[in-house]
Amino acid sequence: MQKNSFKQTMKRVPPVAYMLVIIIVIFSFMAPHYLSFSNFRNVLIQSTPLMIVAFAQTCIVLTQGTDLSLGAQVSFVTVFIVFLAQRGIILEAAMVIAVCCTMLIGAVNGLIVAKGNIPPFIATYGMQNIVNSISLLLTAGSSVYFSSFTYRIVTETTILFIPLMVWVAVAVFVIVWVVLRKTKFGTNIYGLGGNREALALAGISPVKCLIKTYAFAGMIAGIAGIITLCRVESGQPIVANGWEFQAVAATLLGGTSLREGKGGVTGTIFGVLLIQIIKNGLNVVGVQSIYQNAIIGSIVLAAIIIDAVVRIRAKE
C-alpha cells in the first residue's frame, strides 16, 4: 500500500520538477557558488513578477485560451500609477485605480472572446497593442519617475530572510489556488476548458464566467504591475514585453493543458522557476547574452516535449 501511494504521489509531480533538479545540479557543478542562499534569494526576487503573471495566465489557459495582453497590462500599471501620482493622487490610491483598470481590460477581453466568438489569441493580441499604445502615449515613449518610500518597503522589507515581494507572490498563489480548487467560480473555470456545453446545461452562463475569468486574470496582472513598479522605481511602457509568452511557456511546463482544462498553479511555479533558474545559471557561468535566448528556448521547448510525451504514455 505504501509503495502504491508513493507511486501515486510521484505521478502527481510534474515532469518539469525533475528537469528543475537536473538543471540545478548541472549549474552547481559548473559554478561553485551557484547553490548559495544569496543566489537562491536572487532567483526568487527575479521570478516574482513573472510568477504572478503566470498565475493569471494559468487561469486563462484552463479555459482553453491565452491572454497575450498580460505583459502589456503589467507595463501599463507601472506607467499609469506614476502618471496619477505625478498629478497629486496618493500612490496607494493610484495603485488601486490601476488594478481596477486592468480588471476592466480583462473584462473587455472576456467580453470580446465570449460574445464576439473571437479566438482569444487574436482578441488579446489586439488588446495588447492598444494597451501598449496607451502606455507609450502617457510617457511619450520614455520612462517616467515618481519617488516614493513605498517602493523600498515592498522591495527591502524581509520576513524570515525572504523579501516581502516574494511573500506577496505566495499570497497570490494561495488566493488563486483556493479560488480554483475550493470555490464554485474555480469549478466553472475548469468547466470552461473541460466541458463548456455541460456548464451551460447546468444553468451557468459560459459568457459571464469567461468575462469574470479574464477580469480575475487582469487583477492578478495588476498586482504584478505594482511589484514591478516597486522593483524598477519608475513607469516603463515596455518593461514587461514578452512576459505573456514566458507565462504561457511556464504554464504549459507546469502541466496545464491548453485543450483539456486540466492543471493548476502549483505546476506553474515549477515552470517559472525553471525559466528563471536557466536565465540565472547562464549569467552565473558567463554565457554571453546573444546565446542565452536560443539556449533558454531550446531547453524550454525540450521540457514541453518531454512533458507531453510523459503524459501521453501515462494515459496509455
# chains A, B, ... in the order shown; residues from 1 in each chain; ligands from 1
call {"tool": "residues_around", "arguments": {"residues": "A:Val284", "least_positions_apart": "2", "cutoff": "10 Å", "atoms": "only C-alpha atoms", "output": "NGL selection string"}}
result
:A and (27 or 30-34 or 39 or 278-282 or 286-287)
call {"tool": "write_last_selection", "arguments": {"atoms": "N, CA and C atoms", "output": "mmCIF file, in the first residue's frame"}}
result
data_model
loop_
_atom_site.group_PDB
_atom_site.id
_atom_site.type_symbol
_atom_site.label_atom_id
_atom_site.label_comp_id
_atom_site.auth_asym_id
_atom_site.auth_seq_id
_atom_site.Cartn_x
_atom_site.Cartn_y
_atom_site.Cartn_z
ATOM 1 N N PHE A 27 24.213 23.240 -13.114
ATOM 2 C CA PHE A 27 24.794 24.559 -12.848
ATOM 3 C C PHE A 27 25.643 24.564 -11.571
ATOM 4 N N MET A 30 28.987 23.517 -12.594
ATOM 5 C CA MET A 30 29.652 24.491 -13.463
ATOM 6 C C MET A 30 30.084 25.743 -12.701
ATOM 7 N N ALA A 31 29.344 26.085 -11.632
ATOM 8 C CA ALA A 31 29.668 27.282 -10.840
ATOM 9 C C ALA A 31 29.667 26.908 -9.362
ATOM 10 N N PRO A 32 30.813 26.949 -8.687
ATOM 11 C CA PRO A 32 30.945 26.504 -7.284
ATOM 12 C C PRO A 32 30.002 27.202 -6.313
ATOM 13 N N HIS A 33 29.709 28.491 -6.540
ATOM 14 C CA HIS A 33 28.897 29.253 -5.592
ATOM 15 C C HIS A 33 27.428 29.346 -6.031
ATOM 16 N N TYR A 34 27.049 28.527 -6.981
ATOM 17 C CA TYR A 34 25.691 28.621 -7.522
ATOM 18 C C TYR A 34 24.627 28.303 -6.472
ATOM 19 N N ASN A 39 22.169 33.543 -3.950
ATOM 20 C CA ASN A 39 21.779 33.322 -5.346
ATOM 21 C C ASN A 39 20.349 32.799 -5.423
ATOM 22 N N ILE A 278 17.308 28.841 -15.339
ATOM 23 C CA ILE A 278 18.133 28.744 -16.547
ATOM 24 C C ILE A 278 18.771 30.099 -16.852
ATOM 25 N N LYS A 279 17.965 31.171 -16.790
ATOM 26 C CA LYS A 279 18.493 32.523 -17.031
ATOM 27 C C LYS A 279 19.590 32.858 -16.038
ATOM 28 N N ASN A 280 19.309 32.615 -14.773
ATOM 29 C CA ASN A 280 20.265 32.925 -13.718
ATOM 30 C C ASN A 280 21.536 32.099 -13.875
ATOM 31 N N GLY A 281 21.377 30.810 -14.150
ATOM 32 C CA GLY A 281 22.536 29.934 -14.294
ATOM 33 C C GLY A 281 23.427 30.324 -15.461
ATOM 34 N N LEU A 282 22.815 30.712 -16.571
ATOM 35 C CA LEU A 282 23.599 31.125 -17.742
ATOM 36 C C LEU A 282 24.398 32.391 -17.432
ATOM 37 N N GLY A 286 28.571 32.684 -17.066
ATOM 38 C CA GLY A 286 29.198 33.605 -18.002
ATOM 39 C C GLY A 286 28.868 33.405 -19.463
ATOM 40 N N VAL A 287 27.699 32.820 -19.765
ATOM 41 C CA VAL A 287 27.284 32.662 -21.155
ATOM 42 C C VAL A 287 26.858 34.015 -21.705
#
call {"tool": "select_by_dssp", "arguments": {"residues": "stretch 13-160 of chain A", "states": "helix (DSSP H, G or I)", "output": "PyMOL selection string"}}
result
chain A and resi 15-30+37-61+70-85+91-115+120-139+149-156
call {"tool": "write_last_selection", "arguments": {"atoms": "C-alpha atoms", "output": "mmCIF file, in the first residue's frame"}}
result
data_model
loop_
_atom_site.group_PDB
_atom_site.id
_atom_site.type_symbol
_atom_site.label_atom_id
_atom_site.label_comp_id
_atom_site.auth_asym_id
_atom_site.auth_seq_id
_atom_site.Cartn_x
_atom_site.Cartn_y
_atom_site.Cartn_z
ATOM 1 C CA PRO A 15 7.985 16.252 -15.073
ATOM 2 C CA VAL A 16 9.287 19.835 -15.071
ATOM 3 C CA ALA A 17 10.118 19.408 -11.364
ATOM 4 C CA TYR A 18 12.620 16.679 -12.229
ATOM 5 C CA MET A 19 14.084 18.824 -15.002
ATOM 6 C CA LEU A 20 14.427 21.636 -12.492
ATOM 7 C CA VAL A 21 16.517 19.429 -10.217
ATOM 8 C CA ILE A 22 18.691 18.308 -13.147
ATOM 9 C CA ILE A 23 19.334 21.905 -14.264
ATOM 10 C CA ILE A 24 20.259 22.949 -10.711
ATOM 11 C CA VAL A 25 22.704 20.034 -10.388
ATOM 12 C CA ILE A 26 24.328 20.888 -13.739
ATOM 13 C CA PHE A 27 24.794 24.559 -12.848
ATOM 14 C CA SER A 28 26.080 23.688 -9.360
ATOM 15 C CA PHE A 29 28.913 21.711 -10.971
ATOM 16 C CA MET A 30 29.652 24.491 -13.463
ATOM 17 C CA PHE A 37 21.453 31.274 -0.304
ATOM 18 C CA SER A 38 22.059 34.714 -1.818
ATOM 19 C CA ASN A 39 21.779 33.322 -5.346
ATOM 20 C CA PHE A 40 18.628 31.395 -4.435
ATOM 21 C CA ARG A 41 17.202 34.606 -2.995
ATOM 22 C CA ASN A 42 18.034 36.470 -6.208
ATOM 23 C CA VAL A 43 16.231 33.840 -8.272
ATOM 24 C CA LEU A 44 13.123 34.230 -6.100
ATOM 25 C CA ILE A 45 13.205 38.017 -6.453
ATOM 26 C CA GLN A 46 13.686 37.827 -10.225
ATOM 27 C CA SER A 47 10.895 35.249 -10.513
ATOM 28 C CA THR A 48 8.268 37.118 -8.510
ATOM 29 C CA PRO A 49 6.622 39.405 -11.134
ATOM 30 C CA LEU A 50 6.662 36.752 -13.873
ATOM 31 C CA MET A 51 5.315 34.144 -11.474
ATOM 32 C CA ILE A 52 2.330 36.323 -10.602
ATOM 33 C CA VAL A 53 1.663 36.918 -14.315
ATOM 34 C CA ALA A 54 1.948 33.158 -14.903
ATOM 35 C CA PHE A 55 -0.716 32.533 -12.248
ATOM 36 C CA ALA A 56 -3.023 34.826 -14.230
ATOM 37 C CA GLN A 57 -2.133 33.089 -17.490
ATOM 38 C CA THR A 58 -2.830 29.683 -15.933
ATOM 39 C CA CYS A 59 -6.405 30.721 -15.215
ATOM 40 C CA ILE A 60 -6.857 31.704 -18.861
ATOM 41 C CA VAL A 61 -5.178 28.586 -20.246
ATOM 42 C CA LEU A 70 -1.000 40.405 -19.715
ATOM 43 C CA GLY A 71 2.540 41.729 -20.262
ATOM 44 C CA ALA A 72 1.136 44.963 -21.677
ATOM 45 C CA GLN A 73 -1.145 45.276 -18.642
ATOM 46 C CA VAL A 74 1.851 44.977 -16.297
ATOM 47 C CA SER A 75 3.710 47.719 -18.173
ATOM 48 C CA PHE A 76 0.579 49.879 -18.223
ATOM 49 C CA VAL A 77 0.209 49.617 -14.439
ATOM 50 C CA THR A 78 3.773 50.854 -13.844
ATOM 51 C CA VAL A 79 3.128 53.814 -16.145
ATOM 52 C CA PHE A 80 -0.403 54.661 -15.011
ATOM 53 C CA ILE A 81 0.422 54.644 -11.300
ATOM 54 C CA VAL A 82 3.272 57.108 -11.846
ATOM 55 C CA PHE A 83 1.068 59.165 -14.199
ATOM 56 C CA LEU A 84 -1.593 59.516 -11.493
ATOM 57 C CA ALA A 85 0.924 60.081 -8.680
ATOM 58 C CA LEU A 91 0.388 56.487 -4.616
ATOM 59 C CA GLU A 92 -1.559 53.759 -2.804
ATOM 60 C CA ALA A 93 -4.840 55.068 -4.262
ATOM 61 C CA ALA A 94 -3.225 55.167 -7.698
ATOM 62 C CA MET A 95 -2.293 51.503 -7.278
ATOM 63 C CA VAL A 96 -5.898 50.560 -6.530
ATOM 64 C CA ILE A 97 -7.150 52.559 -9.523
ATOM 65 C CA ALA A 98 -4.581 50.914 -11.803
ATOM 66 C CA VAL A 99 -5.610 47.408 -10.697
ATOM 67 C CA CYS A 100 -9.259 48.319 -11.306
ATOM 68 C CA CYS A 101 -8.228 49.362 -14.828
ATOM 69 C CA THR A 102 -6.550 46.026 -15.538
ATOM 70 C CA MET A 103 -9.647 44.232 -14.253
ATOM 71 C CA LEU A 104 -11.677 46.296 -16.730
ATOM 72 C CA ILE A 105 -9.218 45.462 -19.530
ATOM 73 C CA GLY A 106 -9.567 41.795 -18.644
ATOM 74 C CA ALA A 107 -13.356 42.021 -18.604
ATOM 75 C CA VAL A 108 -13.323 43.610 -22.072
ATOM 76 C CA ASN A 109 -11.060 40.799 -23.283
ATOM 77 C CA GLY A 110 -13.501 38.237 -21.906
ATOM 78 C CA LEU A 111 -16.477 40.032 -23.453
ATOM 79 C CA ILE A 112 -14.832 40.131 -26.891
ATOM 80 C CA VAL A 113 -13.828 36.468 -26.710
ATOM 81 C CA ALA A 114 -17.160 35.232 -25.336
ATOM 82 C CA LYS A 115 -19.687 37.463 -27.113
ATOM 83 C CA PRO A 120 -8.520 34.506 -27.520
ATOM 84 C CA PHE A 121 -5.149 34.720 -29.259
ATOM 85 C CA ILE A 122 -6.443 37.299 -31.748
ATOM 86 C CA ALA A 123 -8.638 39.272 -29.330
ATOM 87 C CA THR A 124 -5.948 39.648 -26.675
ATOM 88 C CA TYR A 125 -3.252 40.391 -29.252
ATOM 89 C CA GLY A 126 -5.343 43.342 -30.375
ATOM 90 C CA MET A 127 -5.774 44.450 -26.766
ATOM 91 C CA GLN A 128 -2.029 44.092 -26.224
ATOM 92 C CA ASN A 129 -1.352 46.634 -28.955
ATOM 93 C CA ILE A 130 -3.996 49.027 -27.650
ATOM 94 C CA VAL A 131 -2.673 48.923 -24.083
ATOM 95 C CA ASN A 132 0.940 49.229 -25.257
ATOM 96 C CA SER A 133 -0.001 52.290 -27.304
ATOM 97 C CA ILE A 134 -1.723 53.905 -24.311
ATOM 98 C CA SER A 135 1.378 53.320 -22.175
ATOM 99 C CA LEU A 136 3.631 54.855 -24.807
ATOM 100 C CA LEU A 137 1.320 57.847 -25.229
ATOM 101 C CA LEU A 138 1.227 58.501 -21.480
ATOM 102 C CA THR A 139 5.025 58.509 -21.291
ATOM 103 C CA PHE A 149 9.366 55.288 0.117
ATOM 104 C CA THR A 150 6.669 52.691 -0.631
ATOM 105 C CA TYR A 151 8.933 51.111 -3.253
ATOM 106 C CA ARG A 152 11.575 50.369 -0.655
ATOM 107 C CA ILE A 153 9.048 48.967 1.801
ATOM 108 C CA VAL A 154 7.983 46.386 -0.783
ATOM 109 C CA THR A 155 11.455 45.523 -2.084
ATOM 110 C CA GLU A 156 13.604 45.807 1.053
#
call {"tool": "residues_around", "arguments": {"residues": "stretch 248-264 of chain A", "least_positions_apart": "2", "cutoff": "7 Å", "atoms": "only C-alpha atoms", "output": "MDAnalysis selection string"}}
result
chainID A and resid 14 16 54 57:58 61:65 190 193:194 244:246 266:268 270:272 303:304
call {"tool": "select_by_dssp", "arguments": {"residues": "stretch 66-253 of chain A", "states": "strand (DSSP E)", "output": "PDB file with all heavy atoms, in the first residue's frame"}}
result
ATOM      1  N   THR A 158      11.976  42.370   4.735  1.00  0.00           N
ATOM      2  CA  THR A 158      12.132  40.918   4.693  1.00  0.00           C
ATOM      3  C   THR A 158      11.401  40.265   5.865  1.00  0.00           C
ATOM      4  O   THR A 158      11.339  40.815   6.963  1.00  0.00           O
ATOM      5  CB  THR A 158      13.618  40.502   4.758  1.00  0.00           C
ATOM      6  OG1 THR A 158      14.212  41.009   5.967  1.00  0.00           O
ATOM      7  CG2 THR A 158      14.388  41.041   3.565  1.00  0.00           C
ATOM      8  N   ILE A 159      10.848  39.110   5.614  1.00  0.00           N
ATOM      9  CA  ILE A 159      10.206  38.287   6.640  1.00  0.00           C
ATOM     10  C   ILE A 159      10.827  36.901   6.548  1.00  0.00           C
ATOM     11  O   ILE A 159      10.763  36.259   5.492  1.00  0.00           O
ATOM     12  CB  ILE A 159       8.682  38.200   6.426  1.00  0.00           C
ATOM     13  CG1 ILE A 159       8.063  39.612   6.439  1.00  0.00           C
ATOM     14  CG2 ILE A 159       8.023  37.326   7.495  1.00  0.00           C
ATOM     15  CD1 ILE A 159       6.594  39.641   6.083  1.00  0.00           C
ATOM     16  N   ILE A 162      13.245  36.428   3.694  1.00  0.00           N
ATOM     17  CA  ILE A 162      12.681  36.441   2.341  1.00  0.00           C
ATOM     18  C   ILE A 162      11.998  37.786   2.109  1.00  0.00           C
ATOM     19  O   ILE A 162      11.231  38.254   2.956  1.00  0.00           O
ATOM     20  CB  ILE A 162      11.655  35.304   2.155  1.00  0.00           C
ATOM     21  CG1 ILE A 162      12.292  33.941   2.431  1.00  0.00           C
ATOM     22  CG2 ILE A 162      11.059  35.341   0.749  1.00  0.00           C
ATOM     23  CD1 ILE A 162      13.427  33.578   1.500  1.00  0.00           C
ATOM     24  N   PRO A 163      12.269  38.463   0.974  1.00  0.00           N
ATOM     25  CA  PRO A 163      11.680  39.784   0.706  1.00  0.00           C
ATOM     26  C   PRO A 163      10.150  39.757   0.705  1.00  0.00           C
ATOM     27  O   PRO A 163       9.530  38.754   0.323  1.00  0.00           O
ATOM     28  CB  PRO A 163      12.217  40.128  -0.694  1.00  0.00           C
ATOM     29  CG  PRO A 163      13.463  39.319  -0.827  1.00  0.00           C
ATOM     30  CD  PRO A 163      13.210  38.053  -0.075  1.00  0.00           C
TER      31      PRO A 163
END
call {"tool": "residues_around", "arguments": {"residues": "stretch 182-187 of chain A", "least_positions_apart": "6", "cutoff": "9 Å", "atoms": "only C-alpha atoms", "output": "PyMOL selection string"}}
result
chain A and resi 59+176+209+212-213
call {"tool": "atom_distance", "arguments": {"atom1": "atom CA of A:Ile299", "atom2": "atom CA of A:Ile223"}}
result
29.0 Å
call {"tool": "closest_residue", "arguments": {"among": "A:Ala169, A:Ile204, A:Val144, A:Ala308", "to": "A:Glu233", "atoms": "only C-alpha atoms"}}
result
A:Val144
